[in-house]
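K.L.:
Take this structure, written in structure tokens, and hold onto it; I'll ask about it next.
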Amino acid sequence: MNAQIFVIKHWFSLTAKVETINSASEPFCSGVLRALWGFTGDMRPWGEWVKRQILAIQLIDYILRGVAQVMFVNNSLSGLLIVGGLFLQNPWCALNGLLGTAISTVSAIALRDAVSAGLHGYNGSLVGILMAVFSAKGDWYLWLFIPNVLLSMLCPVVSSALSAITSKWDVPIFTLPFNILICLHSSTMGAAHPFFPQVCFMKLLESVPATAFHVQVFLSVPVGVGQVFGCDNPWTGGVILLALLLCSPTICFHAILGSIAGLALAAPPADVYSGLWGYNSVLSCIAIGGVFYALTWQTHILALTCAFFCAYVSSLSLPACTWPFCLSTLIFLLLSSENPALCRLPLAAVSYPEENRRYLRQLKKRMVSPHMGLSRFLPAV
């Protein structure tokens with residue numbers, strides 16, 4: 001009996017040693033990959049850690065997520081990359097964007113709205129950036145901070161009012177607050193205002209660099225992505241695409257497709273090279289292609305269709321901020337269809353495309369019963 005006990009103890013001792021050796025000899029790269037995996041998607045482990053930190057650290061995380069949410073990305077590291085790309089384009093515009101995001105986020109906190117996902121920061125980010133882009137006073141005109149702060153404070157107010165309307169159909173408000181506020185500012189100030197004059201839009205097209213045609217067409221794809229933030233630097237567009245790839249390859253892929261779809265309809269060369277025909281299509285293609293719809297090949301076709309439709313709407317008038325994107329995407333989200341492959345997610349469940357597919361797979365497992373034919377009402381994901 002004692003011999004058996006000795007053998008058992010010796011066996012468990014050897015087993016523990018083997019497990020220790022195996023864990024120690026595990027390839028280093030696999031551990032690094034697991035660590036990097038935590039920074040993809042919505043960075044949920046990081047978000048849980050931030051919730052236990054002081055308010056200053058939480059606010060930084062909210063601001064970075066707010067910048068990234070312009071591209072439907074809930075990832076603070078992606079937001080940091082985008083901020084770096086904005087500083088690469090123009091430090092003054094980037095600073096105004098960060099100020100607008102911070103003011104909008106703090107205002108939302110004062111209104112006791114949820115800000116952890118950055119959903120109250122992206123409109124303020126666009127307000128700050130585009131206000132600096134459209135200002136005729138040039139860079140480092142510090143008086144521009146005054147209207148920037150005032151309009152960014154109004155972003156959560158306008159968002160809350162619009163949400164009361166759009167919630168009836170369970171659709172998002174997108175960038176409607178930004179469109180409303182920036183258009184009010186531009187129309188009120190005009191080109192002759194003594195303190196906050198607005199730049200002539202045609203001057204933005206005159207700044208297109210003179211390079212080879214095929215090079216300009218190639219560079220216009222990342223430029224179209226960068227123009228979501230009012231940036232015409234292809235390097236900035238490349239950094240933004242890298243930020244999207246970090247969070248979701250699906251979002252990055254649809255951003256490229258959306259930019260190409262918008263450029264396909266831009267006949268004048270200056271319009272092609274500027275990327276101003278592509279940025280609305282970028283946002284529409286991302287929104288339909290896996291963010292608010294479960295990603296299937298049918299919704300992928302629907303996303304391309306929406307991107308082309310958005311490009312047609314963009315051709316009506318320029319500049320139009322993101323009105324074409326809002327109009328086109330809302331139309332496609334309100335689409336009535338009995339096709340189970342076109343499954344629009346409830347807003348409360350919306351995440352990045354890969355997580356949306358996992359959510360629907362779990363939902364299907366819970367709802368589908370051998371005695372109930374519910375599988376035909378759910379998409380094949």
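Here's how to read the names in the structure tokens: chain A, B, ... by the order shown, residue numbers from 1 in each chain, ligand numbers from 1 in the order shown.
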Need the shell around range 350-354 of chain A: protein/DNA/RNA residues with any atom at most 12 Å away, counting only C-alpha atoms. Skip same-chain ones fewer than 6 positions apart. Format as an MDAnalysis selection string?

P.N.:
chainID A and resid 40:44 69 71:75 117 170:172 244:254 286:296 299:300 343:344 360:361 381

K.L.:
Considering only C-alpha atoms, return as a tab-separated table (two decimals) with all heavy atoms, in the first residue's frame whatever protein or nucleic-acid residues lie within 10 Å of Trp169 in chain A, sequence-local ones (same chain, fewer than 5 positions apart) excluded.

P.N.:
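Result file follows (out.tsv):
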```tsv
chain	number	residue	atom	x	y	z
A	333	LEU	N	-30.25	50.91	-44.20
A	333	LEU	CA	-30.54	50.28	-42.92
A	333	LEU	C	-32.04	50.09	-42.71
A	333	LEU	O	-32.46	49.18	-42.00
A	333	LEU	CB	-29.96	51.10	-41.77
A	333	LEU	CG	-28.45	51.03	-41.56
A	333	LEU	CD1	-28.03	51.88	-40.36
A	333	LEU	CD2	-27.98	49.60	-41.37
A	334	LEU	N	-32.83	50.96	-43.31
A	334	LEU	CA	-34.28	50.86	-43.18
A	334	LEU	C	-34.89	49.98	-44.26
A	334	LEU	O	-36.11	49.93	-44.40
A	334	LEU	CB	-34.91	52.26	-43.23
A	334	LEU	CG	-34.57	53.19	-42.05
A	334	LEU	CD1	-35.09	54.58	-42.29
A	334	LEU	CD2	-35.10	52.61	-40.75
A	346	PRO	N	-29.50	44.55	-33.77
A	346	PRO	CA	-29.97	45.61	-32.86
A	346	PRO	C	-28.78	46.46	-32.41
A	346	PRO	O	-27.67	45.96	-32.25
A	346	PRO	CB	-30.59	44.83	-31.69
A	346	PRO	CG	-29.97	43.48	-31.76
A	346	PRO	CD	-29.69	43.20	-33.21
```

K.L.:
Neighbouring residues of Leu283 in chain A were defined as those with any atom within 8 Å, considering only C-alpha atoms; residues of the same chain fewer than 6 positions away were excluded. Please report them as number ranges by chain.

P.N.:
A: 71, 228, 255, 258, 325

K.L.:
Rank A:Met153, A:Leu130, A:Ile146, A:Leu81 by their smallest atom-to-atom distance to Ala108 in chain A, using only C-alpha atoms, and report the top residue only.

P.N.:
A:Met153

K.L.:
Under the rule that only C-alpha atoms are counted, which of A:Leu181, A:Val115, A:Ala311, A:Val199 is the nearest residue to Lys51 in chain A?

P.N.:
A:Val115

K.L.:
Choose the residue, out of A:Leu176, A:Leu142, A:Ile63, A:Leu265, that has the smallest atom-to-atom separation from Ile82 in chain A; count only C-alpha atoms.

P.N.:
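Checking each of A:Leu176, A:Leu142, A:Ile63, A:Leu265 against Ile82 in chain A, counting only C-alpha atoms, the winner is A:Ile63.
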
K.L.:
Find, counting only C-alpha atoms, the residue in A:Leu86, A:Ile54, A:Leu99, A:Leu162 that gets nearest to Leu150 in chain A.

P.N.:
A:Leu99

K.L.:
Near His185 in chain A, counting only C-alpha atoms, which residues have an atom at most 10 Å away, once you skip same-chain residues fewer than 3 positions from it, shown as a ChimeraX atom specification?

P.N.:
/A:127,131,147-148,151,179-182,188-190,196,198

K.L.:
Using only N, CA and C atoms, please write the residues we just selected to a file, as a JSON list (two decimals), in the first residue's frame.

P.N.:
```
[["chain", "number", "residue", "atom", "x", "y", "z"],
["A", 127, "VAL", "N", -16.03, 67.81, -35.86],
["A", 127, "VAL", "CA", -16.30, 69.25, -35.78],
["A", 127, "VAL", "C", -14.99, 70.01, -35.64],
["A", 131, "MET", "N", -13.52, 72.20, -38.79],
["A", 131, "MET", "CA", -13.54, 73.63, -38.54],
["A", 131, "MET", "C", -12.17, 74.24, -38.84],
["A", 147, "PRO", "N", -15.15, 78.88, -31.09],
["A", 147, "PRO", "CA", -16.28, 78.16, -31.70],
["A", 147, "PRO", "C", -16.13, 76.65, -31.64],
["A", 148, "ASN", "N", -14.89, 76.17, -31.63],
["A", 148, "ASN", "CA", -14.66, 74.74, -31.53],
["A", 148, "ASN", "C", -15.23, 74.20, -30.21],
["A", 151, "LEU", "N", -19.26, 74.51, -30.17],
["A", 151, "LEU", "CA", -19.96, 73.53, -31.00],
["A", 151, "LEU", "C", -19.74, 72.11, -30.51],
["A", 179, "ASN", "N", -22.76, 67.14, -39.07],
["A", 179, "ASN", "CA", -23.23, 67.80, -40.28],
["A", 179, "ASN", "C", -24.05, 69.04, -39.96],
["A", 180, "ILE", "N", -24.95, 68.92, -39.00],
["A", 180, "ILE", "CA", -25.81, 70.05, -38.65],
["A", 180, "ILE", "C", -24.99, 71.21, -38.10],
["A", 181, "LEU", "N", -24.10, 70.92, -37.17],
["A", 181, "LEU", "CA", -23.36, 71.99, -36.50],
["A", 181, "LEU", "C", -22.33, 72.64, -37.42],
["A", 182, "ILE", "N", -21.60, 71.84, -38.21],
["A", 182, "ILE", "CA", -20.57, 72.43, -39.06],
["A", 182, "ILE", "C", -21.20, 73.23, -40.20],
["A", 188, "THR", "N", -23.19, 80.52, -41.30],
["A", 188, "THR", "CA", -23.28, 81.75, -40.49],
["A", 188, "THR", "C", -22.06, 82.63, -40.70],
["A", 189, "MET", "N", -20.88, 82.06, -40.74],
["A", 189, "MET", "CA", -19.65, 82.85, -40.85],
["A", 189, "MET", "C", -19.41, 83.33, -42.27],
["A", 190, "GLY", "N", -19.48, 82.42, -43.24],
["A", 190, "GLY", "CA", -19.24, 82.81, -44.62],
["A", 190, "GLY", "C", -17.78, 83.15, -44.87],
["A", 196, "PHE", "N", -13.85, 84.62, -38.19],
["A", 196, "PHE", "CA", -13.88, 83.20, -38.54],
["A", 196, "PHE", "C", -14.33, 83.00, -39.99],
["A", 198, "GLN", "N", -14.54, 81.51, -43.80],
["A", 198, "GLN", "CA", -14.45, 80.15, -44.32],
["A", 198, "GLN", "C", -13.72, 80.16, -45.66]]
```

K.L.:
Might you pull out every residue within 9 Å of Val133 in chain A, with only C-alpha atoms counted and same-chain residues fewer than 3 positions away left off, and present them as number ranges by chain?

P.N.:
A: 93, 128-130, 136, 138-139, 199, 230-231

K.L.:
Which residue gives the smallest distance to Ala307 in chain A among A:Ser187, A:Asn280, A:Thr166, A:Thr105, with only C-alpha atoms counted?

P.N.:
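Result for the nearest residue to Ala307 in chain A: A:Asn280.
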
K.L.:
So that I can see what lies close to Gly66 in chain A, please list as a PyMOL selection string the residues with an atom at most 9 Å from it, counting only C-alpha atoms and leaving out residues fewer than 4 positions away in the same chain.

P.N.:
chain A and resi 61-62+70+73-76+79+101-102+105+115-125

K.L.:
Nearest to Ser259 in chain A: which of A:Leu184, A:Val225, A:Leu276, A:Leu363 is it, counting only C-alpha atoms?

P.N.:
A:Val225

K.L.:
As a list in words, please: all residues of range 267-299 of chain A that backbone DSSP puts in alpha helix (DSSP H).

P.N.:
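Matching residues for alpha helix (DSSP H) in range 267-299 of chain A are Pro269, Ala270, Asp271, Val272, Tyr273, Ser274, Tyr279, Asn280, Ser281, Val282, Leu283, Ser284, Cys285, Ile286, Trp297, Gln298 and Thr299 of chain A.
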
K.L.:
Could you write those residues out with all heavy atoms, as a short mmCIF file (atom, residue, chain, number, x, y, z; two decimals), in the first residue's frame?

P.N.:
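Below is the file part01.cif, written as the result:
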```cif
data_model
loop_
_atom_site.label_atom_id
_atom_site.label_comp_id
_atom_site.auth_asym_id
_atom_site.auth_seq_id
_atom_site.Cartn_x
_atom_site.Cartn_y
_atom_site.Cartn_z
N PRO A 269 -10.43 64.73 -63.22
CA PRO A 269 -9.21 64.22 -62.58
C PRO A 269 -8.95 64.84 -61.21
O PRO A 269 -8.52 64.15 -60.29
CB PRO A 269 -8.10 64.60 -63.57
CG PRO A 269 -8.80 64.67 -64.89
CD PRO A 269 -10.17 65.20 -64.60
N ALA A 270 -9.23 66.15 -61.07
CA ALA A 270 -8.99 66.80 -59.77
C ALA A 270 -9.85 66.18 -58.68
O ALA A 270 -9.41 66.03 -57.53
CB ALA A 270 -9.27 68.29 -59.87
N ASP A 271 -11.07 65.79 -59.03
CA ASP A 271 -11.96 65.15 -58.05
C ASP A 271 -11.45 63.76 -57.69
O ASP A 271 -11.57 63.32 -56.54
CB ASP A 271 -13.38 65.05 -58.61
CG ASP A 271 -14.04 66.42 -58.75
OD1 ASP A 271 -13.46 67.38 -58.22
OD2 ASP A 271 -15.09 66.51 -59.38
N VAL A 272 -10.91 63.04 -58.68
CA VAL A 272 -10.37 61.70 -58.42
C VAL A 272 -9.20 61.79 -57.45
O VAL A 272 -9.13 61.05 -56.46
CB VAL A 272 -9.93 61.03 -59.73
CG1 VAL A 272 -9.27 59.69 -59.45
CG2 VAL A 272 -11.12 60.84 -60.65
N TYR A 273 -8.27 62.69 -57.73
CA TYR A 273 -7.04 62.75 -56.95
C TYR A 273 -7.29 63.29 -55.54
O TYR A 273 -6.57 62.95 -54.60
CB TYR A 273 -6.01 63.64 -57.65
CG TYR A 273 -5.76 63.25 -59.09
CD1 TYR A 273 -5.42 64.21 -60.04
CD2 TYR A 273 -5.88 61.93 -59.51
CE1 TYR A 273 -5.19 63.86 -61.36
CE2 TYR A 273 -5.66 61.58 -60.83
CZ TYR A 273 -5.32 62.55 -61.76
OH TYR A 273 -5.11 62.20 -63.06
N SER A 274 -8.29 64.15 -55.38
CA SER A 274 -8.53 64.75 -54.07
C SER A 274 -9.13 63.78 -53.08
O SER A 274 -9.04 63.99 -51.87
CB SER A 274 -9.46 65.96 -54.21
OG SER A 274 -10.76 65.55 -54.62
N TYR A 279 -14.76 59.46 -49.68
CA TYR A 279 -14.82 59.29 -48.22
C TYR A 279 -16.22 58.93 -47.74
O TYR A 279 -16.37 58.16 -46.77
CB TYR A 279 -14.28 60.52 -47.50
CG TYR A 279 -15.14 61.75 -47.60
CD1 TYR A 279 -16.05 62.06 -46.59
CD2 TYR A 279 -15.02 62.65 -48.66
CE1 TYR A 279 -16.83 63.20 -46.65
CE2 TYR A 279 -15.79 63.78 -48.72
CZ TYR A 279 -16.69 64.06 -47.73
OH TYR A 279 -17.47 65.19 -47.79
N ASN A 280 -17.27 59.47 -48.37
CA ASN A 280 -18.62 59.10 -47.97
C ASN A 280 -18.90 57.63 -48.29
O ASN A 280 -19.53 56.91 -47.50
CB ASN A 280 -19.65 59.99 -48.68
CG ASN A 280 -19.82 61.34 -48.00
OD1 ASN A 280 -20.31 61.43 -46.89
ND2 ASN A 280 -19.38 62.39 -48.68
N SER A 281 -18.41 57.17 -49.43
CA SER A 281 -18.58 55.77 -49.80
C SER A 281 -17.80 54.85 -48.87
O SER A 281 -18.22 53.72 -48.61
CB SER A 281 -18.14 55.55 -51.25
OG SER A 281 -18.94 56.30 -52.15
N VAL A 282 -16.65 55.31 -48.38
CA VAL A 282 -15.88 54.54 -47.40
C VAL A 282 -16.73 54.25 -46.17
O VAL A 282 -16.85 53.10 -45.72
CB VAL A 282 -14.59 55.30 -47.02
CG1 VAL A 282 -13.95 54.67 -45.78
CG2 VAL A 282 -13.61 55.29 -48.17
N LEU A 283 -17.35 55.28 -45.62
CA LEU A 283 -18.14 55.12 -44.41
C LEU A 283 -19.37 54.25 -44.66
O LEU A 283 -19.74 53.40 -43.84
CB LEU A 283 -18.56 56.49 -43.88
CG LEU A 283 -17.43 57.39 -43.36
CD1 LEU A 283 -17.96 58.77 -43.01
CD2 LEU A 283 -16.77 56.76 -42.14
N SER A 284 -20.02 54.43 -45.81
CA SER A 284 -21.21 53.64 -46.13
C SER A 284 -20.88 52.17 -46.28
O SER A 284 -21.59 51.29 -45.79
CB SER A 284 -21.87 54.17 -47.41
OG SER A 284 -22.38 55.47 -47.23
N CYS A 285 -19.78 51.89 -46.98
CA CYS A 285 -19.39 50.50 -47.21
C CYS A 285 -19.03 49.80 -45.90
O CYS A 285 -19.36 48.63 -45.70
CB CYS A 285 -18.22 50.45 -48.19
SG CYS A 285 -17.93 48.85 -48.96
N ILE A 286 -18.37 50.51 -44.99
CA ILE A 286 -18.03 49.92 -43.69
C ILE A 286 -19.29 49.65 -42.89
O ILE A 286 -19.46 48.58 -42.30
CB ILE A 286 -17.09 50.86 -42.91
CG1 ILE A 286 -15.73 50.97 -43.60
CG2 ILE A 286 -16.91 50.37 -41.49
CD1 ILE A 286 -14.80 51.98 -42.96
N TRP A 297 -22.27 37.05 -47.82
CA TRP A 297 -21.94 37.53 -49.16
C TRP A 297 -23.05 38.43 -49.69
O TRP A 297 -22.80 39.33 -50.50
CB TRP A 297 -21.67 36.36 -50.11
CG TRP A 297 -22.87 35.52 -50.45
CD1 TRP A 297 -23.29 34.38 -49.84
CD2 TRP A 297 -23.80 35.76 -51.53
NE1 TRP A 297 -24.42 33.89 -50.44
CE2 TRP A 297 -24.76 34.71 -51.49
CE3 TRP A 297 -23.91 36.74 -52.51
CZ2 TRP A 297 -25.81 34.64 -52.39
CZ3 TRP A 297 -24.96 36.66 -53.42
CH2 TRP A 297 -25.90 35.63 -53.35
N GLN A 298 -24.28 38.24 -49.20
CA GLN A 298 -25.37 39.12 -49.62
C GLN A 298 -25.19 40.53 -49.06
O GLN A 298 -25.40 41.52 -49.78
CB GLN A 298 -26.72 38.54 -49.17
CG GLN A 298 -27.13 37.27 -49.91
CD GLN A 298 -26.69 36.03 -49.16
OE1 GLN A 298 -25.77 36.07 -48.37
NE2 GLN A 298 -27.36 34.90 -49.43
N THR A 299 -24.82 40.64 -47.79
CA THR A 299 -24.61 41.96 -47.22
C THR A 299 -23.35 42.61 -47.80
O THR A 299 -23.25 43.84 -47.85
CB THR A 299 -24.50 41.88 -45.69
OG1 THR A 299 -23.48 40.94 -45.32
CG2 THR A 299 -25.82 41.44 -45.09
#
```
